[in-house]
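Undergrad: File target.cif follows (mmCIF, C-alpha atoms):
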data_upload
#
loop_
_atom_site.label_atom_id
_atom_site.label_comp_id
_atom_site.auth_asym_id
_atom_site.auth_seq_id
_atom_site.Cartn_x
_atom_site.Cartn_y
_atom_site.Cartn_z
CA MET J 1269 -29.84 -10.69 -7.24
CA THR J 1270 -29.57 -7.41 -9.08
CA LEU J 1271 -28.75 -4.13 -7.37
CA ALA J 1272 -32.37 -3.03 -7.70
CA GLU J 1273 -33.61 -6.29 -6.16
CA VAL J 1274 -31.26 -5.98 -3.19
CA MET J 1275 -32.28 -2.37 -2.59
CA THR J 1276 -35.96 -3.37 -2.71
CA LYS J 1277 -35.30 -6.15 -0.21
CA LEU J 1278 -33.45 -3.76 2.10
CA GLU J 1279 -36.34 -1.34 2.00
CA GLU J 1280 -38.70 -4.17 2.95
CA LEU J 1281 -36.50 -5.20 5.87
CA GLY J 1282 -36.04 -1.70 7.23
CA THR J 1283 -38.05 -0.38 10.16
CA GLU J 1284 -38.55 3.15 11.41
CA GLN J 1285 -37.54 2.11 14.93
CA THR J 1286 -34.19 0.68 13.80
CA LYS J 1287 -33.63 3.72 11.60
CA LYS J 1288 -34.13 6.04 14.55
CA THR J 1289 -31.74 3.95 16.65
CA PHE J 1290 -29.01 4.11 14.01
CA MET J 1291 -29.50 7.85 13.58
CA ARG J 1292 -29.10 8.37 17.33
CA HIS J 1293 -25.75 6.63 16.91
CA GLY J 1294 -24.75 8.99 14.11
CA ALA J 1295 -26.05 7.35 10.93
CA LYS J 1296 -26.82 9.69 8.04
CA GLU J 1297 -29.57 9.57 5.45
CA PRO J 1298 -30.25 7.72 3.24
CA LEU J 1299 -30.93 4.51 5.13
CA PHE J 1300 -33.87 2.15 5.65
CA GLY J 1301 -32.98 0.96 9.15
CA VAL J 1302 -32.13 -2.72 8.63
CA LYS J 1303 -30.84 -4.72 11.59
CA VAL J 1304 -27.37 -6.20 11.11
CA GLY J 1305 -28.79 -9.67 11.72
CA ASP J 1306 -31.16 -9.21 8.79
CA LEU J 1307 -28.34 -7.89 6.61
CA LYS J 1308 -26.38 -11.07 7.27
CA LYS J 1309 -29.20 -13.14 5.79
CA LEU J 1310 -28.47 -11.55 2.41
CA VAL J 1311 -24.72 -12.09 2.46
CA LYS J 1312 -24.71 -15.48 0.72
CA GLN J 1313 -26.50 -14.05 -2.29
CA VAL J 1314 -24.50 -10.82 -2.53
CA SER J 1315 -21.06 -12.33 -1.80
CA LYS J 1316 -21.18 -14.31 -5.03
CA ASP J 1317 -20.88 -11.05 -6.97
CA GLN J 1318 -18.00 -8.70 -6.12
CA GLY J 1319 -19.34 -6.12 -8.54
CA LEU J 1320 -22.70 -6.11 -6.79
CA ALA J 1321 -21.06 -5.58 -3.40
CA LEU J 1322 -19.12 -2.63 -4.77
CA ALA J 1323 -22.26 -1.21 -6.37
CA LEU J 1324 -24.14 -1.49 -3.06
CA TYR J 1325 -21.49 0.60 -1.32
CA ASP J 1326 -21.69 3.23 -4.03
CA THR J 1327 -25.43 3.75 -3.47
CA GLY J 1328 -24.57 5.87 -0.42
CA ASN J 1329 -27.35 4.09 1.49
CA SER J 1330 -26.01 3.15 4.92
CA ASP J 1331 -27.73 -0.25 5.02
CA ALA J 1332 -26.46 -1.13 1.54
CA MET J 1333 -22.96 0.06 2.45
CA TYR J 1334 -22.88 -2.11 5.56
CA LEU J 1335 -24.12 -5.10 3.56
CA ALA J 1336 -21.36 -4.46 1.04
CA GLY J 1337 -18.78 -4.71 3.82
CA LEU J 1338 -20.24 -8.01 5.00
CA SER J 1339 -20.26 -9.43 1.48
CA ILE J 1340 -17.06 -8.13 -0.12
CA ASN J 1341 -13.98 -10.26 -0.71
CA PRO J 1342 -11.25 -8.04 0.80
CA GLN J 1343 -8.48 -9.94 -0.97
CA MET J 1344 -9.93 -8.85 -4.29
CA MET J 1345 -10.23 -5.17 -3.41
CA THR J 1346 -7.83 -2.69 -4.94
CA LEU J 1347 -6.05 0.12 -3.14
CA PRO J 1348 -8.11 2.81 -4.95
CA GLN J 1349 -11.34 1.01 -4.04
CA LEU J 1350 -10.45 0.96 -0.34
CA LYS J 1351 -9.42 4.62 -0.41
CA HIS J 1352 -12.74 5.43 -2.09
CA TRP J 1353 -14.60 3.49 0.59
CA VAL J 1354 -13.03 5.34 3.50
CA LYS J 1355 -13.88 8.71 1.96
CA GLN J 1356 -17.54 7.70 1.74
CA ALA J 1357 -17.81 6.39 5.34
CA ASN J 1358 -19.86 9.13 6.98
CA TRP J 1359 -20.44 7.60 10.43
CA TYR J 1360 -18.56 5.40 12.82
CA MET J 1361 -20.17 2.02 12.03
CA LEU J 1362 -19.13 2.34 8.40
CA ALA J 1363 -15.68 3.67 9.26
CA GLU J 1364 -14.82 1.44 12.23
CA TYR J 1365 -16.52 -1.77 11.08
CA THR J 1366 -17.33 -1.87 7.36
CA VAL J 1367 -14.24 -0.18 5.94
CA ALA J 1368 -11.84 -1.15 8.72
CA GLY J 1369 -12.82 -4.81 8.48
CA ALA J 1370 -12.35 -4.92 4.72
CA ALA J 1371 -9.07 -3.02 4.88
CA ALA J 1372 -7.69 -5.20 7.68
CA GLU J 1373 -8.25 -8.36 5.64
CA SER J 1374 -6.93 -6.83 2.41
CA PRO J 1375 -3.32 -6.97 1.17
CA TYR J 1376 -3.04 -3.25 2.05
CA ALA J 1377 -3.93 -3.39 5.75
CA LEU J 1378 -0.82 -1.83 7.26
CA LYS J 1379 -0.22 0.65 4.45
CA LEU J 1380 -3.73 2.04 4.80
CA ALA J 1381 -3.85 1.90 8.61
CA ARG J 1382 -0.63 3.92 8.86
CA GLU J 1383 -1.86 6.46 6.33
CA TRP J 1384 -5.35 6.83 7.75
CA MET J 1385 -4.31 7.12 11.41
CA ARG J 1386 -2.50 10.35 10.56
CA SER J 1387 -5.55 11.97 8.94
CA ASP J 1388 -7.15 15.12 10.34
CA ASN J 1389 -10.53 13.75 9.24
CA GLU J 1390 -12.14 12.09 12.27
CA MET J 1391 -13.82 9.24 10.36
CA ILE J 1392 -10.68 8.44 8.38
CA ALA J 1393 -8.44 8.54 11.46
CA THR J 1394 -10.77 6.35 13.51
CA CYS J 1395 -10.94 3.93 10.59
CA GLY J 1396 -7.15 3.80 10.56
CA TRP J 1397 -6.90 2.86 14.23
CA SER J 1398 -9.66 0.29 13.84
CA THR J 1399 -7.98 -1.16 10.76
CA TYR J 1400 -4.70 -1.68 12.60
CA ALA J 1401 -6.48 -3.11 15.66
CA ASN J 1402 -8.46 -5.53 13.51
CA TYR J 1403 -5.28 -6.55 11.72
CA VAL J 1404 -3.66 -7.36 15.07
CA SER J 1405 -6.65 -9.50 16.06
CA ILE J 1406 -6.34 -11.83 13.05
CA THR J 1407 -2.58 -11.88 12.40
CA PRO J 1408 -0.14 -14.34 14.04
CA ASP J 1409 2.20 -12.63 16.50
CA ASP J 1410 5.32 -13.58 14.54
CA GLN J 1411 3.99 -11.59 11.58
CA LEU J 1412 3.36 -8.43 13.60
CA ASP J 1413 5.74 -5.52 14.05
CA LEU J 1414 5.71 -5.53 17.86
CA GLU J 1415 8.00 -2.51 18.11
CA GLU J 1416 5.64 -0.47 15.97
CA ILE J 1417 2.71 -1.55 18.14
CA ARG J 1418 4.66 -0.56 21.26
CA THR J 1419 5.33 2.84 19.71
CA LEU J 1420 1.62 3.24 19.01
CA LEU J 1421 0.77 2.30 22.60
CA ARG J 1422 3.10 5.01 23.85
CA LEU J 1423 1.52 7.48 21.43
CA ILE J 1424 -1.91 6.59 22.75
CA GLU J 1425 -0.74 7.01 26.33
CA SER J 1426 0.50 10.51 25.65
CA SER J 1427 -2.25 11.81 23.37
CA ILE J 1428 -5.54 9.93 23.67
CA HIS J 1429 -7.37 12.47 25.81
CA GLU J 1430 -6.67 15.27 23.31
CA GLU J 1431 -7.76 13.33 20.23
CA GLN J 1432 -11.02 13.67 18.30
CA ASN J 1433 -14.08 11.95 19.75
CA ARG J 1434 -14.27 8.64 17.86
CA VAL J 1435 -10.48 8.46 17.62
CA ARG J 1436 -10.39 8.32 21.42
CA TYR J 1437 -12.73 5.34 21.25
CA THR J 1438 -10.68 3.37 18.72
CA MET J 1439 -7.39 4.24 20.42
CA ASN J 1440 -8.82 2.76 23.62
CA MET J 1441 -9.88 -0.33 21.67
CA PHE J 1442 -6.40 -0.57 20.16
CA VAL J 1443 -4.96 -0.86 23.68
CA ILE J 1444 -7.52 -3.55 24.52
CA ILE J 1445 -6.78 -5.55 21.38
CA ALA J 1446 -3.01 -5.26 21.74
CA GLY J 1447 -3.20 -6.56 25.29
CA SER J 1448 -5.80 -9.23 24.57
CA TYR J 1449 -4.55 -10.69 21.30
CA VAL J 1450 -0.76 -10.39 21.66
CA THR J 1451 0.47 -12.29 24.71
CA GLY J 1452 3.84 -10.58 24.65
CA LEU J 1453 2.23 -7.15 24.94
CA TYR J 1454 -0.08 -7.95 27.86
CA ASP J 1455 1.95 -6.23 30.58
CA GLU J 1456 2.71 -3.16 28.45
CA ALA J 1457 -0.89 -2.77 27.36
CA ILE J 1458 -2.10 -3.06 30.96
CA ALA J 1459 0.38 -0.36 32.01
CA VAL J 1460 -0.81 1.97 29.25
CA ALA J 1461 -4.45 1.20 30.04
CA GLU J 1462 -3.96 2.06 33.70
CA SER J 1463 -2.11 5.22 32.78
CA ILE J 1464 -4.87 6.54 30.50
CA GLY J 1465 -7.69 5.48 32.85
CA LYS J 1466 -11.25 6.32 31.87
CA VAL J 1467 -11.64 7.58 28.31
CA HIS J 1468 -14.50 9.98 27.71
CA VAL J 1469 -16.33 9.67 24.38
CA ASP J 1470 -19.54 11.45 23.41
CA VAL J 1471 -21.82 8.59 22.35
CA GLY J 1472 -24.82 10.83 21.82
CA GLN J 1473 -28.27 9.81 23.03
CA THR J 1474 -27.34 6.15 23.41
CA ALA J 1475 -26.59 3.71 26.21
CA CYS J 1476 -23.16 2.85 24.81
CA LYS J 1477 -20.23 2.93 27.21
CA VAL J 1478 -16.47 3.10 26.70
CA PRO J 1479 -14.85 0.05 28.32
CA LEU J 1480 -12.07 0.49 30.84
CA ALA J 1481 -9.17 -1.01 28.92
CA ALA J 1482 -7.31 -2.53 31.89
CA ASP J 1483 -10.43 -4.25 33.24
CA TYR J 1484 -11.35 -5.56 29.79
CA ILE J 1485 -7.89 -7.05 29.12
CA ARG J 1486 -7.77 -8.72 32.55
CA LYS J 1487 -11.19 -10.30 31.96
CA VAL J 1488 -9.93 -11.76 28.68
CA ALA J 1489 -6.96 -13.25 30.55
CA GLN J 1490 -9.21 -14.62 33.31
CA ARG J 1491 -11.30 -16.43 30.68
CA GLY J 1492 -8.17 -18.07 29.29
CA LYS J 1493 -8.62 -16.32 25.93
CA LEU J 1494 -5.42 -14.29 25.92
CA GLY J 1495 -3.64 -14.42 22.57
CA ILE J 1496 -6.36 -16.37 20.76
CA LYS J 1497 -6.78 -14.82 17.31
CA LYS J 1498 -10.02 -14.32 15.42
CA LYS J 1499 -10.61 -16.03 12.08
CA THR J 1500 -12.17 -12.90 10.62
CA CYS J 1501 -12.78 -9.33 11.74
CA ILE J 1502 -15.69 -8.75 9.37
CA CYS J 1503 -18.92 -8.66 11.34
#
As structure tokens, how would this structure be written, given the file I've shared?

TA:
Amino acid sequence: MTLAEVMTKLEELGTEQTKKTFMRHGAKEPLFGVKVGDLKKLVKQVSKDQGLALALYDTGNSDAMYLAGLSINPQMMTLPQLKHWVKQANWYMLAEYTVAGAAAESPYALKLAREWMRSDNEMIATCGWSTYANYVSITPDDQLDLEEIRTLLRLIESSIHEEQNRVRYTMNMFVIIAGSYVTGLYDEAIAVAESIGKVHVDVGQTACKVPLAADYIRKVAQRGKLGIKKKTCIC
């Protein structure tokens, strides 16, 4: 498929209702309002062409950008390309899912996560925390820097309630992922989760809720899923 053909198909798949839903969540124009499930139906065709995936992201259309993230080969992405992507992510689904997923599976995951987490830009910072969390969820424990993760947990404990809105959300998710995917950090993550308690995030006019980290981690343990890594964090 050519770029023009994909954009035409996206326009056909978009609905006004889905567009309104995404915009309530923070999506910015331009977008057609294509459900993620429908985007996934196009992945096989787009993923054969890395250049097409990159071109889709550069359209600035939110649906096309999300499709690009589903279709891209992260191992083939360059550092400048990933830095360009994060600068263009103008709402949380692009920052926390599209860019974070690609970055986490790239050769530059930790370098970028560490850099982005320190940013004053809310979307870049939240992408950084999500990138590191995603990296933890797919990386064997013996390849993780557990002391660095412990340091980040302590940072979250001391600062989460003063952070920017979406950063609070991804910090909370970082605690959940550390406790759920790294068996050796279970007790420490639970302690941090109980210390921070309920995290308040403005989710706009949506029904979204911020999970209680301690409850979430314990439920993972009760299901016998503690420490089981994901094959991919791109979704």

Undergrad: Would you mind telling me which residue in J:Thr1286, J:Thr1438, J:Asn1341, J:Asn1358 lies nearest to Leu1322 of chain J when using only C-alpha atoms?

TA: J:Asn1341

Undergrad: Set out as a tab-separated table a contact list for segment 1350-1436 of chain J and segment 1288-1292 of chain J with a cut-off of 12 Å, giving each residue of segment 1350-1436 of chain J that qualifies its closest atom pair and distance in Å to one decimal, counting all atoms listed in the file, ordered by chain and rising residue number.

TA:
residue	atom	partner	partner_atom	distance
J:Asn1358	CA	J:Met1291	CA	11.8
J:Trp1359	CA	J:Met1291	CA	9.6
J:Tyr1360	CA	J:Phe1290	CA	10.6
J:Met1361	CA	J:Phe1290	CA	9.3
J:Leu1362	CA	J:Phe1290	CA	11.5

Undergrad: With all atoms listed in the file as the basis for distance, which of J:Leu1453, J:Met1345, J:Ala1357, J:Met1391 is at the shortest distance from Ala1370 of chain J?

TA: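 Ranking J:Leu1453, J:Met1345, J:Ala1357, J:Met1391 by distance to Ala1370 of chain J, first place goes to J:Met1345.
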
Undergrad: Can you tell me which residues surround Pro1375 of chain J at a distance of at most 10 Å, considering all atoms listed in the file, apart from same-chain residues fewer than 6 positions away, and format the answer as a ChimeraX atom specification?

TA: /J:1342-1347

Undergrad: Write out, as a compact mmCIF listing (two decimals), in the coordinates of the input, the residues just selected, with C-alpha atoms.

TA:
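Result written to result.txt:
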# COMPACT_ATOMS: atom_id res chain seq x y z
CA PRO J 1342 -11.25 -8.04 0.80
CA GLN J 1343 -8.48 -9.94 -0.97
CA MET J 1344 -9.93 -8.85 -4.29
CA MET J 1345 -10.23 -5.17 -3.41
CA THR J 1346 -7.83 -2.69 -4.94
CA LEU J 1347 -6.05 0.12 -3.14

Undergrad: Applying 12 Å and all atoms listed in the file, which residues near segment 1294-1310 of chain J remain after dropping the ones on its own chain fewer than 5 positions away? List them as an MDAnalysis selection string.

TA: chainID J and resid 1269 1273:1289 1315:1316 1321 1327:1339 1356:1363 1365:1366 1391 1434 1470:1474 1502:1503

Undergrad: Ala1461 of chain J: which residues within 12 Å, counting only C-alpha atoms, same-chain residues fewer than 6 positions away excluded, as a VMD selection string?

TA: chain J and resid 1421 to 1422 1424 to 1426 1428 1439 to 1448 1453 to 1455 1467 1479 to 1486

Undergrad: Any chance you can output those residues with C-alpha atoms as an mmCIF file, in the frame of the given file?

TA:
data_model
loop_
_atom_site.group_PDB
_atom_site.id
_atom_site.type_symbol
_atom_site.label_atom_id
_atom_site.label_comp_id
_atom_site.auth_asym_id
_atom_site.auth_seq_id
_atom_site.Cartn_x
_atom_site.Cartn_y
_atom_site.Cartn_z
ATOM 1 C CA LEU J 1421 0.770 2.300 22.600
ATOM 2 C CA ARG J 1422 3.100 5.010 23.850
ATOM 3 C CA ILE J 1424 -1.910 6.590 22.750
ATOM 4 C CA GLU J 1425 -0.740 7.010 26.330
ATOM 5 C CA SER J 1426 0.500 10.510 25.650
ATOM 6 C CA ILE J 1428 -5.540 9.930 23.670
ATOM 7 C CA MET J 1439 -7.390 4.240 20.420
ATOM 8 C CA ASN J 1440 -8.820 2.760 23.620
ATOM 9 C CA MET J 1441 -9.880 -0.330 21.670
ATOM 10 C CA PHE J 1442 -6.400 -0.570 20.160
ATOM 11 C CA VAL J 1443 -4.960 -0.860 23.680
ATOM 12 C CA ILE J 1444 -7.520 -3.550 24.520
ATOM 13 C CA ILE J 1445 -6.780 -5.550 21.380
ATOM 14 C CA ALA J 1446 -3.010 -5.260 21.740
ATOM 15 C CA GLY J 1447 -3.200 -6.560 25.290
ATOM 16 C CA SER J 1448 -5.800 -9.230 24.570
ATOM 17 C CA LEU J 1453 2.230 -7.150 24.940
ATOM 18 C CA TYR J 1454 -0.080 -7.950 27.860
ATOM 19 C CA ASP J 1455 1.950 -6.230 30.580
ATOM 20 C CA VAL J 1467 -11.640 7.580 28.310
ATOM 21 C CA PRO J 1479 -14.850 0.050 28.320
ATOM 22 C CA LEU J 1480 -12.070 0.490 30.840
ATOM 23 C CA ALA J 1481 -9.170 -1.010 28.920
ATOM 24 C CA ALA J 1482 -7.310 -2.530 31.890
ATOM 25 C CA ASP J 1483 -10.430 -4.250 33.240
ATOM 26 C CA TYR J 1484 -11.350 -5.560 29.790
ATOM 27 C CA ILE J 1485 -7.890 -7.050 29.120
ATOM 28 C CA ARG J 1486 -7.770 -8.720 32.550
#

Undergrad: Apply the PyMOL selection byres ((chain J and resi 1498) around 9) to the file shown and report the selected residues as a ChimeraX atom specification.

TA: /J:1405-1407,1449,1496-1497,1499-1501

Undergrad: What gap, in Å, lies between atom CA of Leu1412 of chain J and atom CA of Trp1384 of chain J?

TA: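 Atom CA of Trp1384 of chain J lies 18.5 Å from atom CA of Leu1412 of chain J.
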
Undergrad: State, in Å with one decimal place, the distance from atom CA of Thr1451 of chain J to atom CA of Tyr1400 of chain J.

TA: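 These two atoms are separated by 16.9 Å.
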
Undergrad: For segment 1457-1471 of chain J in the structure I just supplied, write out N, CA, C and O atoms - as a JSON list (two decimals), in the first residue's frame.

TA:
[["chain", "number", "residue", "atom", "x", "y", "z"],
["J", 1457, "ALA", "N", 8.15, -2.91, 45.97],
["J", 1457, "ALA", "CA", 7.13, -2.21, 45.19],
["J", 1457, "ALA", "C", 5.83, -2.10, 45.98],
["J", 1457, "ALA", "O", 5.16, -1.05, 45.96],
["J", 1458, "ILE", "N", 5.47, -3.15, 46.69],
["J", 1458, "ILE", "CA", 4.27, -3.11, 47.53],
["J", 1458, "ILE", "C", 4.42, -2.03, 48.60],
["J", 1458, "ILE", "O", 3.48, -1.25, 48.86],
["J", 1459, "ALA", "N", 5.58, -1.95, 49.21],
["J", 1459, "ALA", "CA", 5.81, -0.94, 50.26],
["J", 1459, "ALA", "C", 5.69, 0.46, 49.69],
["J", 1459, "ALA", "O", 5.06, 1.34, 50.32],
["J", 1460, "VAL", "N", 6.25, 0.69, 48.52],
["J", 1460, "VAL", "CA", 6.14, 2.01, 47.88],
["J", 1460, "VAL", "C", 4.69, 2.29, 47.51],
["J", 1460, "VAL", "O", 4.18, 3.40, 47.73],
["J", 1461, "ALA", "N", 4.02, 1.29, 46.96],
["J", 1461, "ALA", "CA", 2.63, 1.46, 46.55],
["J", 1461, "ALA", "C", 1.74, 1.84, 47.73],
["J", 1461, "ALA", "O", 0.87, 2.71, 47.64],
["J", 1462, "GLU", "N", 1.96, 1.18, 48.87],
["J", 1462, "GLU", "CA", 1.17, 1.49, 50.05],
["J", 1462, "GLU", "C", 1.51, 2.87, 50.60],
["J", 1462, "GLU", "O", 0.64, 3.58, 51.11],
["J", 1463, "SER", "N", 2.74, 3.27, 50.44],
["J", 1463, "SER", "CA", 3.17, 4.58, 50.92],
["J", 1463, "SER", "C", 2.52, 5.70, 50.10],
["J", 1463, "SER", "O", 2.06, 6.70, 50.67],
["J", 1464, "ILE", "N", 2.47, 5.53, 48.77],
["J", 1464, "ILE", "CA", 1.92, 6.60, 47.93],
["J", 1464, "ILE", "C", 0.40, 6.60, 47.93],
["J", 1464, "ILE", "O", -0.23, 7.64, 47.72],
["J", 1465, "GLY", "N", -0.22, 5.44, 48.19],
["J", 1465, "GLY", "CA", -1.68, 5.37, 48.25],
["J", 1465, "GLY", "C", -2.34, 5.71, 46.93],
["J", 1465, "GLY", "O", -1.83, 5.42, 45.85],
["J", 1466, "LYS", "N", -3.48, 6.39, 47.03],
["J", 1466, "LYS", "CA", -4.26, 6.74, 45.84],
["J", 1466, "LYS", "C", -3.57, 7.88, 45.09],
["J", 1466, "LYS", "O", -3.20, 8.89, 45.68],
["J", 1467, "VAL", "N", -3.43, 7.71, 43.79],
["J", 1467, "VAL", "CA", -2.81, 8.73, 42.95],
["J", 1467, "VAL", "C", -3.90, 9.42, 42.14],
["J", 1467, "VAL", "O", -4.67, 8.77, 41.43],
["J", 1468, "HIS", "N", -3.98, 10.71, 42.25],
["J", 1468, "HIS", "CA", -5.02, 11.47, 41.56],
["J", 1468, "HIS", "C", -4.50, 11.98, 40.22],
["J", 1468, "HIS", "O", -3.49, 12.66, 40.14],
["J", 1469, "VAL", "N", -5.22, 11.62, 39.16],
["J", 1469, "VAL", "CA", -4.88, 12.03, 37.80],
["J", 1469, "VAL", "C", -6.15, 12.56, 37.14],
["J", 1469, "VAL", "O", -7.21, 11.93, 37.22],
["J", 1470, "ASP", "N", -6.06, 13.71, 36.52],
["J", 1470, "ASP", "CA", -7.19, 14.27, 35.79],
["J", 1470, "ASP", "C", -7.31, 13.53, 34.47],
["J", 1470, "ASP", "O", -6.47, 13.68, 33.58],
["J", 1471, "VAL", "N", -8.35, 12.71, 34.33],
["J", 1471, "VAL", "CA", -8.55, 11.94, 33.11],
["J", 1471, "VAL", "C", -9.63, 12.56, 32.22],
["J", 1471, "VAL", "O", -10.13, 11.92, 31.30]]
